[in-house]
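Structure data follow from final.cif (mmCIF, C-alpha atoms):
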data_target
loop_
_atom_site.group_PDB
_atom_site.id
_atom_site.type_symbol
_atom_site.label_atom_id
_atom_site.label_comp_id
_atom_site.auth_asym_id
_atom_site.auth_seq_id
_atom_site.Cartn_x
_atom_site.Cartn_y
_atom_site.Cartn_z
ATOM 1 C CA MET A 1 11.945 -6.975 16.781
ATOM 2 C CA LYS A 2 11.036 -3.946 18.857
ATOM 3 C CA LYS A 3 8.239 -4.521 21.403
ATOM 4 C CA ALA A 4 6.806 -2.214 24.062
ATOM 5 C CA ASP A 5 5.913 -3.399 27.560
ATOM 6 C CA ASP A 6 2.887 -1.154 27.818
ATOM 7 C CA CYS A 7 1.434 -1.556 24.320
ATOM 8 C CA PRO A 8 -1.819 -3.525 23.983
ATOM 9 C CA LEU A 9 -0.883 -4.491 20.408
ATOM 10 C CA CYS A 10 2.431 -5.925 21.636
ATOM 11 C CA LEU A 11 0.818 -7.695 24.601
ATOM 12 C CA THR A 12 -2.311 -9.075 22.904
ATOM 13 C CA ALA A 13 -3.493 -10.028 19.427
ATOM 14 C CA GLY A 14 -6.013 -7.180 19.518
ATOM 15 C CA GLY A 15 -8.936 -9.241 18.241
ATOM 16 C CA GLN A 16 -9.741 -12.449 16.406
ATOM 17 C CA VAL A 17 -6.686 -13.367 14.338
ATOM 18 C CA LEU A 18 -7.688 -14.152 10.740
ATOM 19 C CA TRP A 19 -4.118 -14.478 9.546
ATOM 20 C CA ALA A 20 -0.694 -13.880 11.090
ATOM 21 C CA GLY A 21 2.755 -13.806 9.538
ATOM 22 C CA ALA A 22 6.209 -12.657 10.569
ATOM 23 C CA LEU A 23 5.587 -9.042 9.552
ATOM 24 C CA LEU A 24 1.899 -8.427 10.115
ATOM 25 C CA ARG A 25 -1.398 -9.886 11.270
ATOM 26 C CA VAL A 26 -5.007 -9.448 10.177
ATOM 27 C CA ILE A 27 -7.634 -9.095 12.887
ATOM 28 C CA ALA A 28 -11.427 -9.216 12.841
ATOM 29 C CA VAL A 29 -12.673 -6.343 14.992
ATOM 30 C CA ASP A 30 -15.677 -7.189 17.144
ATOM 31 C CA ASP A 31 -17.723 -4.045 16.558
ATOM 32 C CA PRO A 32 -21.518 -4.524 16.583
ATOM 33 C CA LEU A 33 -22.013 -1.272 14.648
ATOM 34 C CA HIS A 34 -19.542 -2.013 11.865
ATOM 35 C CA PRO A 35 -19.653 -5.593 10.557
ATOM 36 C CA GLY A 36 -16.557 -6.591 8.602
ATOM 37 C CA TYR A 37 -14.348 -4.031 10.363
ATOM 38 C CA THR A 38 -10.801 -5.415 10.010
ATOM 39 C CA ARG A 39 -7.383 -4.264 11.168
ATOM 40 C CA VAL A 40 -3.988 -4.941 9.669
ATOM 41 C CA ILE A 41 -1.458 -4.739 12.493
ATOM 42 C CA TRP A 42 2.293 -4.544 12.029
ATOM 43 C CA GLN A 43 4.075 -7.026 14.300
ATOM 44 C CA GLU A 44 6.874 -4.668 15.311
ATOM 45 C CA HIS A 45 6.207 -1.748 17.639
ATOM 46 C CA LEU A 46 6.642 1.287 15.410
ATOM 47 C CA ALA A 47 4.452 4.388 15.296
ATOM 48 C CA GLU A 48 4.718 5.830 11.797
ATOM 49 C CA MET A 49 4.689 4.471 8.251
ATOM 50 C CA THR A 50 7.807 6.492 7.419
ATOM 51 C CA GLN A 51 9.708 4.666 10.151
ATOM 52 C CA LEU A 52 9.454 1.526 8.026
ATOM 53 C CA PRO A 53 11.902 0.719 5.237
ATOM 54 C CA ALA A 54 10.226 1.097 1.819
ATOM 55 C CA ALA A 55 9.880 -2.666 1.261
ATOM 56 C CA ALA A 56 8.183 -3.194 4.630
ATOM 57 C CA ARG A 57 5.861 -0.245 4.021
ATOM 58 C CA HIS A 58 4.972 -1.747 0.674
ATOM 59 C CA ALA A 59 4.251 -5.156 2.252
ATOM 60 C CA LEU A 60 1.968 -3.547 4.832
ATOM 61 C CA MET A 61 0.016 -1.605 2.213
ATOM 62 C CA GLU A 62 -0.273 -4.707 0.003
ATOM 63 C CA ALA A 63 -1.996 -6.393 2.934
ATOM 64 C CA VAL A 64 -4.340 -3.416 3.333
ATOM 65 C CA TRP A 65 -5.265 -3.571 -0.366
ATOM 66 C CA ARG A 66 -5.921 -7.285 -0.059
ATOM 67 C CA VAL A 67 -8.360 -6.653 2.785
ATOM 68 C CA GLU A 68 -9.999 -3.815 0.864
ATOM 69 C CA GLN A 69 -10.400 -6.039 -2.188
ATOM 70 C CA ALA A 70 -12.066 -8.789 -0.134
ATOM 71 C CA GLN A 71 -14.435 -6.277 1.439
ATOM 72 C CA ARG A 72 -15.414 -5.037 -1.998
ATOM 73 C CA ASP A 73 -15.690 -8.508 -3.542
ATOM 74 C CA VAL A 74 -17.301 -10.523 -0.761
ATOM 75 C CA LEU A 75 -19.062 -7.943 1.392
ATOM 76 C CA GLN A 76 -19.954 -5.685 -1.522
ATOM 77 C CA ALA A 77 -19.438 -2.606 0.604
ATOM 78 C CA ASP A 78 -20.565 0.729 -0.820
ATOM 79 C CA LYS A 79 -17.296 2.351 0.260
ATOM 80 C CA ILE A 80 -14.073 1.370 1.965
ATOM 81 C CA ASN A 81 -12.619 3.557 4.711
ATOM 82 C CA LEU A 82 -8.895 3.349 5.490
ATOM 83 C CA ALA A 83 -7.156 4.945 8.445
ATOM 84 C CA GLN A 84 -3.883 4.807 10.345
ATOM 85 C CA PHE A 85 -3.957 7.026 13.456
ATOM 86 C CA GLY A 86 -2.222 5.495 16.473
ATOM 87 C CA ASN A 87 -2.955 8.448 18.736
ATOM 88 C CA MET A 88 -3.952 6.167 21.602
ATOM 89 C CA VAL A 89 -1.884 3.113 20.642
ATOM 90 C CA PRO A 90 1.203 4.286 18.717
ATOM 91 C CA HIS A 91 1.813 0.906 17.110
ATOM 92 C CA LEU A 92 1.181 0.752 13.353
ATOM 93 C CA HIS A 93 -2.299 -0.574 12.646
ATOM 94 C CA TRP A 94 -4.591 0.102 9.726
ATOM 95 C CA HIS A 95 -8.339 0.284 10.093
ATOM 96 C CA VAL A 96 -10.070 -1.161 7.029
ATOM 97 C CA ILE A 97 -13.773 -0.503 7.397
ATOM 98 C CA PRO A 98 -16.454 -1.511 4.915
ATOM 99 C CA ARG A 99 -19.179 1.114 4.795
ATOM 100 C CA TRP A 100 -22.741 1.044 3.527
ATOM 101 C CA ALA A 101 -24.882 4.020 2.588
ATOM 102 C CA GLY A 102 -27.394 3.077 5.281
ATOM 103 C CA ASP A 103 -24.984 2.224 8.097
ATOM 104 C CA SER A 104 -25.157 3.895 11.510
ATOM 105 C CA HIS A 105 -22.605 6.610 10.690
ATOM 106 C CA PHE A 106 -22.632 7.049 6.917
ATOM 107 C CA PRO A 107 -21.482 9.382 5.385
ATOM 108 C CA GLU A 108 -19.607 10.440 8.497
ATOM 109 C CA ALA A 109 -16.399 8.788 9.678
ATOM 110 C CA ILE A 110 -17.141 6.052 12.204
ATOM 111 C CA TRP A 111 -15.407 8.160 14.876
ATOM 112 C CA ALA A 112 -17.874 11.015 14.388
ATOM 113 C CA PRO A 113 -21.219 11.237 16.185
ATOM 114 C CA ALA A 114 -23.809 9.085 14.410
ATOM 115 C CA PRO A 115 -26.189 11.134 12.236
ATOM 116 C CA ARG A 116 -29.835 11.166 13.249
ATOM 117 C CA ARG A 117 -31.880 8.350 11.684
ATOM 118 C CA SER A 118 -35.598 7.679 11.430
ATOM 119 C CA PRO A 119 -36.971 4.436 12.937
ATOM 120 C CA GLU A 120 -37.491 3.191 9.367
ATOM 121 C CA GLN A 121 -33.877 3.872 8.482
ATOM 122 C CA LEU A 122 -32.689 2.112 11.628
ATOM 123 C CA ALA A 123 -34.851 -0.918 10.875
ATOM 124 C CA ALA A 124 -33.634 -1.071 7.291
ATOM 125 C CA TRP A 125 -30.005 -0.969 8.460
ATOM 126 C CA GLN A 126 -30.649 -3.692 11.057
ATOM 127 C CA ALA A 127 -32.022 -5.941 8.324
ATOM 128 C CA GLN A 128 -29.142 -5.173 5.959
ATOM 129 C CA LYS A 129 -26.612 -5.654 8.748
ATOM 130 C CA ALA A 130 -27.965 -9.142 9.460
ATOM 131 C CA LEU A 131 -27.332 -10.071 5.829
ATOM 132 C CA ILE A 132 -23.802 -8.657 5.984
ATOM 133 C CA GLN A 133 -23.085 -10.518 9.217
ATOM 134 C CA ALA A 134 -24.232 -13.730 7.578
ATOM 135 C CA ARG A 135 -21.582 -13.153 4.916
ATOM 136 C CA LEU A 136 -18.721 -12.649 7.365
ATOM 137 C CA PRO A 137 -17.605 -16.310 7.380
ATOM 138 C CA HIS A 138 -17.215 -16.095 3.587
ATOM 139 C CA TYR A 139 -15.324 -12.842 3.934
ATOM 140 C CA HIS A 140 -12.974 -14.324 6.527
ATOM 141 C CA ALA A 141 -12.428 -17.420 4.395
ATOM 142 C CA ALA A 142 -11.628 -15.241 1.373
ATOM 143 C CA LEU A 143 -9.150 -13.224 3.405
ATOM 144 C CA ARG A 144 -7.433 -16.317 4.772
ATOM 145 C CA ALA A 145 -7.187 -17.723 1.245
ATOM 146 C CA ALA A 146 -5.758 -14.456 -0.101
ATOM 147 C CA PHE A 147 -3.065 -14.389 2.566
ATOM 148 C CA ALA A 148 -2.331 -18.115 2.506
ATOM 149 C CA GLN A 149 -1.101 -17.790 -1.085
ATOM 150 C CA ASP A 150 1.445 -15.341 0.054
ATOM 151 C CA VAL A 151 4.811 -16.252 1.522
ATOM 152 C CA ALA A 152 6.290 -12.750 1.539
ATOM 153 C CA HIS A 153 4.615 -11.682 4.780
ATOM 154 C CA MET B 154 -8.942 10.523 -17.571
ATOM 155 C CA LYS B 155 -12.278 9.956 -15.862
ATOM 156 C CA LYS B 156 -13.912 13.081 -14.411
ATOM 157 C CA ALA B 157 -17.310 13.505 -12.745
ATOM 158 C CA ASP B 158 -19.563 16.499 -13.409
ATOM 159 C CA ASP B 159 -20.788 16.674 -9.843
ATOM 160 C CA CYS B 160 -17.540 16.037 -7.970
ATOM 161 C CA PRO B 161 -15.998 18.980 -6.083
ATOM 162 C CA LEU B 162 -12.529 17.440 -6.465
ATOM 163 C CA CYS B 163 -13.002 17.264 -10.236
ATOM 164 C CA LEU B 164 -14.460 20.780 -10.455
ATOM 165 C CA THR B 165 -12.101 22.591 -8.081
ATOM 166 C CA ALA B 166 -8.587 22.213 -6.700
ATOM 167 C CA GLY B 167 -10.021 21.610 -3.227
ATOM 168 C CA GLY B 168 -7.673 23.982 -1.435
ATOM 169 C CA GLN B 169 -4.358 25.781 -1.866
ATOM 170 C CA VAL B 170 -2.309 23.800 -4.381
ATOM 171 C CA LEU B 171 1.198 23.141 -3.048
ATOM 172 C CA TRP B 172 2.157 20.879 -5.912
ATOM 173 C CA ALA B 173 0.332 19.376 -8.878
ATOM 174 C CA GLY B 174 1.392 16.736 -11.367
ATOM 175 C CA ALA B 175 -0.316 14.601 -13.969
ATOM 176 C CA LEU B 176 -1.365 11.927 -11.469
ATOM 177 C CA LEU B 177 -1.937 13.743 -8.204
ATOM 178 C CA ARG B 178 -1.913 17.073 -6.415
ATOM 179 C CA VAL B 179 -1.009 18.174 -2.900
ATOM 180 C CA ILE B 180 -3.314 20.622 -1.168
ATOM 181 C CA ALA B 181 -2.973 22.708 1.981
ATOM 182 C CA VAL B 182 -6.254 22.416 3.882
ATOM 183 C CA ASP B 183 -7.424 25.648 5.488
ATOM 184 C CA ASP B 184 -8.479 24.271 8.863
ATOM 185 C CA PRO B 185 -8.012 26.647 11.803
ATOM 186 C CA LEU B 186 -8.091 23.726 14.270
ATOM 187 C CA HIS B 187 -5.496 21.595 12.504
ATOM 188 C CA PRO B 188 -2.469 23.501 11.195
ATOM 189 C CA GLY B 189 -0.481 21.602 8.594
ATOM 190 C CA TYR B 190 -3.473 19.492 7.521
ATOM 191 C CA THR B 191 -2.658 18.392 3.966
ATOM 192 C CA ARG B 192 -4.477 16.332 1.343
ATOM 193 C CA VAL B 193 -3.055 14.261 -1.471
ATOM 194 C CA ILE B 194 -5.705 14.113 -4.186
ATOM 195 C CA TRP B 195 -5.648 11.755 -7.129
ATOM 196 C CA GLN B 196 -6.333 13.612 -10.380
ATOM 197 C CA GLU B 197 -8.626 10.976 -11.860
ATOM 198 C CA HIS B 198 -12.123 10.419 -10.477
ATOM 199 C CA LEU B 199 -11.890 7.005 -8.814
ATOM 200 C CA ALA B 200 -13.310 5.957 -5.451
ATOM 201 C CA GLU B 201 -11.145 3.139 -4.129
ATOM 202 C CA MET B 202 -7.436 2.401 -3.909
ATOM 203 C CA THR B 203 -7.994 -1.073 -5.367
ATOM 204 C CA GLN B 204 -9.448 0.492 -8.515
ATOM 205 C CA LEU B 205 -5.961 1.792 -9.290
ATOM 206 C CA PRO B 206 -3.330 -0.299 -11.058
ATOM 207 C CA ALA B 207 -0.563 -1.309 -8.644
ATOM 208 C CA ALA B 208 1.949 1.212 -10.014
ATOM 209 C CA ALA B 209 -0.500 4.099 -9.657
ATOM 210 C CA ARG B 210 -1.427 3.011 -6.143
ATOM 211 C CA HIS B 211 2.258 2.910 -5.284
ATOM 212 C CA ALA B 212 2.800 6.411 -6.707
ATOM 213 C CA LEU B 213 -0.097 7.764 -4.645
ATOM 214 C CA MET B 214 1.197 6.208 -1.429
ATOM 215 C CA GLU B 215 4.727 7.439 -2.136
ATOM 216 C CA ALA B 216 3.274 10.948 -2.211
ATOM 217 C CA VAL B 217 1.488 10.331 1.099
ATOM 218 C CA TRP B 218 4.754 9.153 2.705
ATOM 219 C CA ARG B 219 6.520 12.225 1.402
ATOM 220 C CA VAL B 220 3.930 14.462 3.061
ATOM 221 C CA GLU B 221 4.130 12.454 6.283
ATOM 222 C CA GLN B 222 7.927 12.750 6.288
ATOM 223 C CA ALA B 223 7.773 16.530 5.859
ATOM 224 C CA GLN B 224 5.240 16.807 8.692
ATOM 225 C CA ARG B 225 7.549 14.807 10.933
ATOM 226 C CA ASP B 226 10.723 16.630 9.893
ATOM 227 C CA VAL B 227 9.563 20.228 9.593
ATOM 228 C CA LEU B 228 6.466 20.419 11.789
ATOM 229 C CA GLN B 229 7.768 17.914 14.337
ATOM 230 C CA ALA B 230 4.292 16.531 14.886
ATOM 231 C CA ASP B 231 3.793 14.128 17.778
ATOM 232 C CA LYS B 232 1.807 11.769 15.543
ATOM 233 C CA ILE B 233 0.689 11.549 11.934
ATOM 234 C CA ASN B 234 -2.888 10.579 11.090
ATOM 235 C CA LEU B 235 -3.659 9.103 7.668
ATOM 236 C CA ALA B 236 -7.116 8.475 6.236
ATOM 237 C CA GLN B 237 -8.854 7.756 2.966
ATOM 238 C CA PHE B 238 -12.652 7.742 3.345
ATOM 239 C CA GLY B 239 -14.474 9.318 0.405
ATOM 240 C CA ASN B 240 -17.917 8.762 1.901
ATOM 241 C CA MET B 241 -19.032 12.259 0.946
ATOM 242 C CA VAL B 242 -16.740 12.803 -2.017
ATOM 243 C CA PRO B 243 -15.929 9.421 -3.589
ATOM 244 C CA HIS B 244 -12.805 10.675 -5.344
ATOM 245 C CA LEU B 245 -9.523 9.303 -3.981
ATOM 246 C CA HIS B 246 -8.006 11.758 -1.517
ATOM 247 C CA TRP B 247 -5.755 11.095 1.444
ATOM 248 C CA HIS B 248 -5.936 13.152 4.598
ATOM 249 C CA VAL B 249 -2.468 13.604 6.102
ATOM 250 C CA ILE B 250 -2.894 15.307 9.457
ATOM 251 C CA PRO B 251 -0.101 16.242 11.830
ATOM 252 C CA ARG B 252 -1.238 15.823 15.417
ATOM 253 C CA TRP B 253 0.085 17.166 18.689
ATOM 254 C CA ALA B 254 -0.581 15.774 22.149
ATOM 255 C CA GLY B 255 -2.189 19.078 23.179
ATOM 256 C CA ASP B 256 -4.255 19.738 20.045
ATOM 257 C CA SER B 257 -8.013 20.313 20.164
ATOM 258 C CA HIS B 258 -8.936 16.663 19.531
ATOM 259 C CA PHE B 259 -5.994 14.564 20.679
ATOM 260 C CA PRO B 260 -6.035 11.594 21.214
ATOM 261 C CA GLU B 261 -9.344 11.349 19.352
ATOM 262 C CA ALA B 262 -9.638 11.349 15.582
ATOM 263 C CA ILE B 263 -10.244 14.871 14.268
ATOM 264 C CA TRP B 264 -13.732 13.750 13.175
ATOM 265 C CA ALA B 265 -14.710 12.857 16.751
ATOM 266 C CA PRO B 266 -16.134 15.376 19.220
ATOM 267 C CA ALA B 267 -13.328 17.389 20.806
ATOM 268 C CA PRO B 268 -12.452 16.198 24.318
ATOM 269 C CA ARG B 269 -13.100 18.626 27.151
ATOM 270 C CA ARG B 270 -10.139 20.918 27.897
ATOM 271 C CA SER B 271 -9.337 23.240 30.768
ATOM 272 C CA PRO B 272 -8.805 26.952 30.009
ATOM 273 C CA GLU B 273 -5.103 26.406 30.737
ATOM 274 C CA GLN B 274 -4.924 23.556 28.227
ATOM 275 C CA LEU B 275 -6.711 25.649 25.607
ATOM 276 C CA ALA B 276 -4.320 28.559 26.165
ATOM 277 C CA ALA B 277 -1.291 26.281 25.930
ATOM 278 C CA TRP B 278 -2.545 24.831 22.651
ATOM 279 C CA GLN B 279 -3.244 28.313 21.239
ATOM 280 C CA ALA B 280 0.348 29.290 21.989
ATOM 281 C CA GLN B 281 1.760 26.087 20.507
ATOM 282 C CA LYS B 282 -0.494 26.407 17.462
ATOM 283 C CA ALA B 283 0.857 29.894 16.763
ATOM 284 C CA LEU B 284 4.378 28.466 16.663
ATOM 285 C CA ILE B 285 3.270 25.666 14.332
ATOM 286 C CA GLN B 286 1.508 28.123 12.045
ATOM 287 C CA ALA B 287 4.684 30.183 11.864
ATOM 288 C CA ARG B 288 6.460 27.086 10.560
ATOM 289 C CA LEU B 289 3.935 26.364 7.799
ATOM 290 C CA PRO B 290 5.816 28.335 5.102
ATOM 291 C CA HIS B 291 8.875 26.152 5.798
ATOM 292 C CA TYR B 292 6.717 23.038 5.687
ATOM 293 C CA HIS B 293 5.178 24.055 2.360
ATOM 294 C CA ALA B 294 8.608 24.892 0.924
ATOM 295 C CA ALA B 295 9.934 21.490 2.039
ATOM 296 C CA LEU B 296 6.977 19.744 0.419
ATOM 297 C CA ARG B 297 7.393 21.643 -2.841
ATOM 298 C CA ALA B 298 11.080 20.785 -2.874
ATOM 299 C CA ALA B 299 10.387 17.108 -2.167
ATOM 300 C CA PHE B 300 7.932 16.909 -5.048
ATOM 301 C CA ALA B 301 9.927 19.065 -7.443
ATOM 302 C CA GLN B 302 12.702 16.442 -7.473
ATOM 303 C CA ASP B 303 10.234 13.949 -8.714
ATOM 304 C CA VAL B 304 9.245 13.512 -12.325
ATOM 305 C CA ALA B 305 7.281 10.286 -11.941
ATOM 306 C CA HIS B 306 4.066 11.964 -10.746
#

Would you write the structure of this file as structure tokens?
Amino acid sequence: MKKADDCPLCLTAGGQVLWAGALLRVIAVDDPLHPGYTRVIWQEHLAEMTQLPAAARHALMEAVWRVEQAQRDVLQADKINLAQFGNMVPHLHWHVIPRWAGDSHFPEAIWAPAPRRSPEQLAAWQAQKALIQARLPHYHAALRAAFAQDVAH
Amino acid sequence: MKKADDCPLCLTAGGQVLWAGALLRVIAVDDPLHPGYTRVIWQEHLAEMTQLPAAARHALMEAVWRVEQAQRDVLQADKINLAQFGNMVPHLHWHVIPRWAGDSHFPEAIWAPAPRRSPEQLAAWQAQKALIQARLPHYHAALRAAFAQDVAH
């Protein structure tokens, strides 16, 4: 399996490991602005989806859908954001980000500047975020259960 | 097929149509900063990938990989960026964005503020961008050919 000496995703887990298999791992991202933010990281050091054989690509996307489904079911996100960039770390990793209409950046991408909010809006999001954070253990348990059933990864 | 009265991707093509089938269409995005920027838009009005049946989801991703492959082969991008957000327009559409190490936003996401560049860097990117833009007709022809072979979409 190809690894790179200078790649943070080859050298470290890249976050709290929720599940890890031979092909991929699922990581909880510690982001105070975006509760539930999860990454699906391919174990081998490859930069682009089209560098994977079709079956491997399919396995990676199946994992992304599984995370998306758990975010919809357990976190009841208003929207799911998916992204695979790798501009800074060219090692395949998918961002799976649950979004809420009142979150710090909605409807912008989380990489964009945060829109201006009123103090009332900020307070409402803080309260909602606390409820979401309280649900994270259930979300992580659901994810682990979804992946534990699976021997293909 | 579900359509929404107030959805711009139901009401309009959303850009220059490079290819359109029953399930999805491929659009050239007119973005002066990001030559080659392409979207794959699902024809039905649905918000999330996990709302699609597995076969439809697979067909949509196969189209995304085909666009990525053409961007790698014909445009020789340094990196491909993939994203499905739908925060503003909750109708499934994938952004497939070829990136170059010297482009206006690299290594940031294109939705982030552009990093500061020197006049020399800006001039070098302008020159490179002109060469990329000259290749776009070849890129579009390659995409059309890749999709024309395909009857499944």

Care to translate the PyMOL selection byres ((chain B) within 10 of (chain A)) into actual residues of this file, as a ChimeraX atom specification? /B:200-204,207,210-211,214-215,217-222,225,231-243,247-250,252-254,259-266

So which residues fall inside 8 Å of (-5.6, 16.7, -6.2) if we count all atoms listed in the file? Mind giving them as a count of residues only? 14

Chain B in the frame of chain A after Cα least-squares fit, as a short mmCIF file (atom, residue, chain, number, x, y, z; two decimals) with C-alpha atoms, in the frame of the given file:
data_model
loop_
_atom_site.label_atom_id
_atom_site.label_comp_id
_atom_site.auth_asym_id
_atom_site.auth_seq_id
_atom_site.Cartn_x
_atom_site.Cartn_y
_atom_site.Cartn_z
CA MET B 154 11.94 -6.94 16.75
CA LYS B 155 11.01 -3.94 18.87
CA LYS B 156 8.22 -4.54 21.40
CA ALA B 157 6.80 -2.21 24.06
CA ASP B 158 5.90 -3.41 27.56
CA ASP B 159 2.87 -1.16 27.81
CA CYS B 160 1.43 -1.55 24.31
CA PRO B 161 -1.83 -3.52 23.97
CA LEU B 162 -0.90 -4.49 20.40
CA CYS B 163 2.41 -5.92 21.63
CA LEU B 164 0.80 -7.69 24.60
CA THR B 165 -2.32 -9.07 22.91
CA ALA B 166 -3.50 -10.03 19.43
CA GLY B 167 -6.01 -7.17 19.50
CA GLY B 168 -8.94 -9.21 18.23
CA GLN B 169 -9.74 -12.44 16.41
CA VAL B 170 -6.69 -13.37 14.34
CA LEU B 171 -7.68 -14.15 10.75
CA TRP B 172 -4.12 -14.47 9.55
CA ALA B 173 -0.70 -13.88 11.08
CA GLY B 174 2.74 -13.81 9.53
CA ALA B 175 6.19 -12.66 10.57
CA LEU B 176 5.57 -9.04 9.56
CA LEU B 177 1.89 -8.42 10.12
CA ARG B 178 -1.40 -9.89 11.27
CA VAL B 179 -5.01 -9.45 10.18
CA ILE B 180 -7.63 -9.08 12.88
CA ALA B 181 -11.43 -9.20 12.83
CA VAL B 182 -12.67 -6.33 14.99
CA ASP B 183 -15.68 -7.18 17.14
CA ASP B 184 -17.72 -4.03 16.55
CA PRO B 185 -21.49 -4.52 16.58
CA LEU B 186 -22.01 -1.26 14.64
CA HIS B 187 -19.54 -2.02 11.86
CA PRO B 188 -19.64 -5.59 10.55
CA GLY B 189 -16.56 -6.59 8.59
CA TYR B 190 -14.34 -4.04 10.36
CA THR B 191 -10.81 -5.42 10.01
CA ARG B 192 -7.38 -4.27 11.18
CA VAL B 193 -3.99 -4.95 9.68
CA ILE B 194 -1.46 -4.73 12.50
CA TRP B 195 2.28 -4.54 12.03
CA GLN B 196 4.07 -7.03 14.29
CA GLU B 197 6.87 -4.68 15.31
CA HIS B 198 6.22 -1.76 17.66
CA LEU B 199 6.63 1.29 15.41
CA ALA B 200 4.44 4.39 15.29
CA GLU B 201 4.70 5.83 11.79
CA MET B 202 4.68 4.46 8.25
CA THR B 203 7.80 6.47 7.41
CA GLN B 204 9.71 4.65 10.15
CA LEU B 205 9.45 1.51 8.03
CA PRO B 206 11.89 0.70 5.24
CA ALA B 207 10.23 1.08 1.83
CA ALA B 208 9.87 -2.67 1.26
CA ALA B 209 8.18 -3.19 4.63
CA ARG B 210 5.86 -0.25 4.03
CA HIS B 211 4.96 -1.74 0.67
CA ALA B 212 4.25 -5.15 2.24
CA LEU B 213 1.97 -3.55 4.83
CA MET B 214 0.02 -1.61 2.21
CA GLU B 215 -0.27 -4.70 0.00
CA ALA B 216 -1.99 -6.39 2.93
CA VAL B 217 -4.34 -3.42 3.33
CA TRP B 218 -5.26 -3.57 -0.37
CA ARG B 219 -5.92 -7.28 -0.07
CA VAL B 220 -8.35 -6.65 2.79
CA GLU B 221 -10.01 -3.81 0.87
CA GLN B 222 -10.41 -6.05 -2.19
CA ALA B 223 -12.06 -8.80 -0.14
CA GLN B 224 -14.43 -6.27 1.44
CA ARG B 225 -15.40 -5.04 -2.01
CA ASP B 226 -15.69 -8.51 -3.55
CA VAL B 227 -17.29 -10.53 -0.77
CA LEU B 228 -19.05 -7.95 1.39
CA GLN B 229 -19.94 -5.68 -1.53
CA ALA B 230 -19.45 -2.60 0.60
CA ASP B 231 -20.57 0.73 -0.84
CA LYS B 232 -17.30 2.36 0.24
CA ILE B 233 -14.07 1.37 1.96
CA ASN B 234 -12.62 3.56 4.71
CA LEU B 235 -8.90 3.35 5.48
CA ALA B 236 -7.14 4.95 8.44
CA GLN B 237 -3.89 4.81 10.35
CA PHE B 238 -3.97 7.03 13.45
CA GLY B 239 -2.22 5.50 16.46
CA ASN B 240 -2.97 8.45 18.73
CA MET B 241 -3.96 6.15 21.58
CA VAL B 242 -1.90 3.13 20.63
CA PRO B 243 1.18 4.29 18.71
CA HIS B 244 1.80 0.90 17.11
CA LEU B 245 1.18 0.75 13.35
CA HIS B 246 -2.31 -0.58 12.65
CA TRP B 247 -4.59 0.10 9.72
CA HIS B 248 -8.33 0.28 10.09
CA VAL B 249 -10.06 -1.17 7.02
CA ILE B 250 -13.77 -0.51 7.39
CA PRO B 251 -16.44 -1.51 4.91
CA ARG B 252 -19.17 1.11 4.79
CA TRP B 253 -22.73 1.04 3.53
CA ALA B 254 -24.86 4.03 2.58
CA GLY B 255 -27.39 3.09 5.27
CA ASP B 256 -24.98 2.23 8.09
CA SER B 257 -25.15 3.90 11.50
CA HIS B 258 -22.61 6.62 10.68
CA PHE B 259 -22.63 7.06 6.91
CA PRO B 260 -21.49 9.40 5.39
CA GLU B 261 -19.59 10.45 8.51
CA ALA B 262 -16.39 8.79 9.67
CA ILE B 263 -17.13 6.04 12.20
CA TRP B 264 -15.39 8.16 14.86
CA ALA B 265 -17.87 11.02 14.39
CA PRO B 266 -21.21 11.22 16.20
CA ALA B 267 -23.80 9.08 14.42
CA PRO B 268 -26.17 11.13 12.25
CA ARG B 269 -29.82 11.15 13.28
CA ARG B 270 -31.86 8.33 11.70
CA SER B 271 -35.57 7.67 11.45
CA PRO B 272 -36.95 4.44 12.97
CA GLU B 273 -37.50 3.19 9.41
CA GLN B 274 -33.87 3.87 8.50
CA LEU B 275 -32.67 2.11 11.65
CA ALA B 276 -34.85 -0.92 10.90
CA ALA B 277 -33.62 -1.07 7.31
CA TRP B 278 -30.00 -0.97 8.46
CA GLN B 279 -30.63 -3.70 11.07
CA ALA B 280 -32.01 -5.94 8.33
CA GLN B 281 -29.14 -5.18 5.96
CA LYS B 282 -26.60 -5.66 8.76
CA ALA B 283 -27.96 -9.14 9.47
CA LEU B 284 -27.33 -10.08 5.84
CA ILE B 285 -23.80 -8.66 5.99
CA GLN B 286 -23.08 -10.53 9.21
CA ALA B 287 -24.23 -13.74 7.57
CA ARG B 288 -21.58 -13.17 4.90
CA LEU B 289 -18.71 -12.64 7.35
CA PRO B 290 -17.61 -16.32 7.37
CA HIS B 291 -17.22 -16.10 3.58
CA TYR B 292 -15.33 -12.84 3.92
CA HIS B 293 -12.97 -14.32 6.52
CA ALA B 294 -12.42 -17.43 4.38
CA ALA B 295 -11.63 -15.24 1.36
CA LEU B 296 -9.14 -13.22 3.40
CA ARG B 297 -7.44 -16.33 4.76
CA ALA B 298 -7.18 -17.72 1.25
CA ALA B 299 -5.77 -14.46 -0.11
CA PHE B 300 -3.08 -14.39 2.56
CA ALA B 301 -2.34 -18.11 2.50
CA GLN B 302 -1.08 -17.78 -1.09
CA ASP B 303 1.45 -15.33 0.09
CA VAL B 304 4.79 -16.23 1.59
CA ALA B 305 6.31 -12.75 1.60
CA HIS B 306 4.61 -11.62 4.83
#

B:Glu197 environment, 9 Å, all atoms listed in the file, sequence neighbours closer than 4 positions dropped, as a ChimeraX atom specification: /B:154-156,163,176-177,244-245

Report the distance between atom CA of A:His34 and atom CA of A:Pro8 in Å, rounded to one decimal place. 21.5 Å

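Nearest to B:Ile285 of all the residues B:Ala216, B:Ala209, B:Ala181, B:Ala230 is B:Ala230, counting only C-alpha atoms.
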
What residues come out when you apply the PyMOL selection byres ((chain B and resi 289-303) around 8) to this file, written as a list in words? Leu171, Trp172, Pro188, Gly189, Arg219, Val220, Ala223, Gln224, Val227, Leu228, Ile285, Gln286, Ala287, Arg288, Val304, Ala305 and His306 of chain B
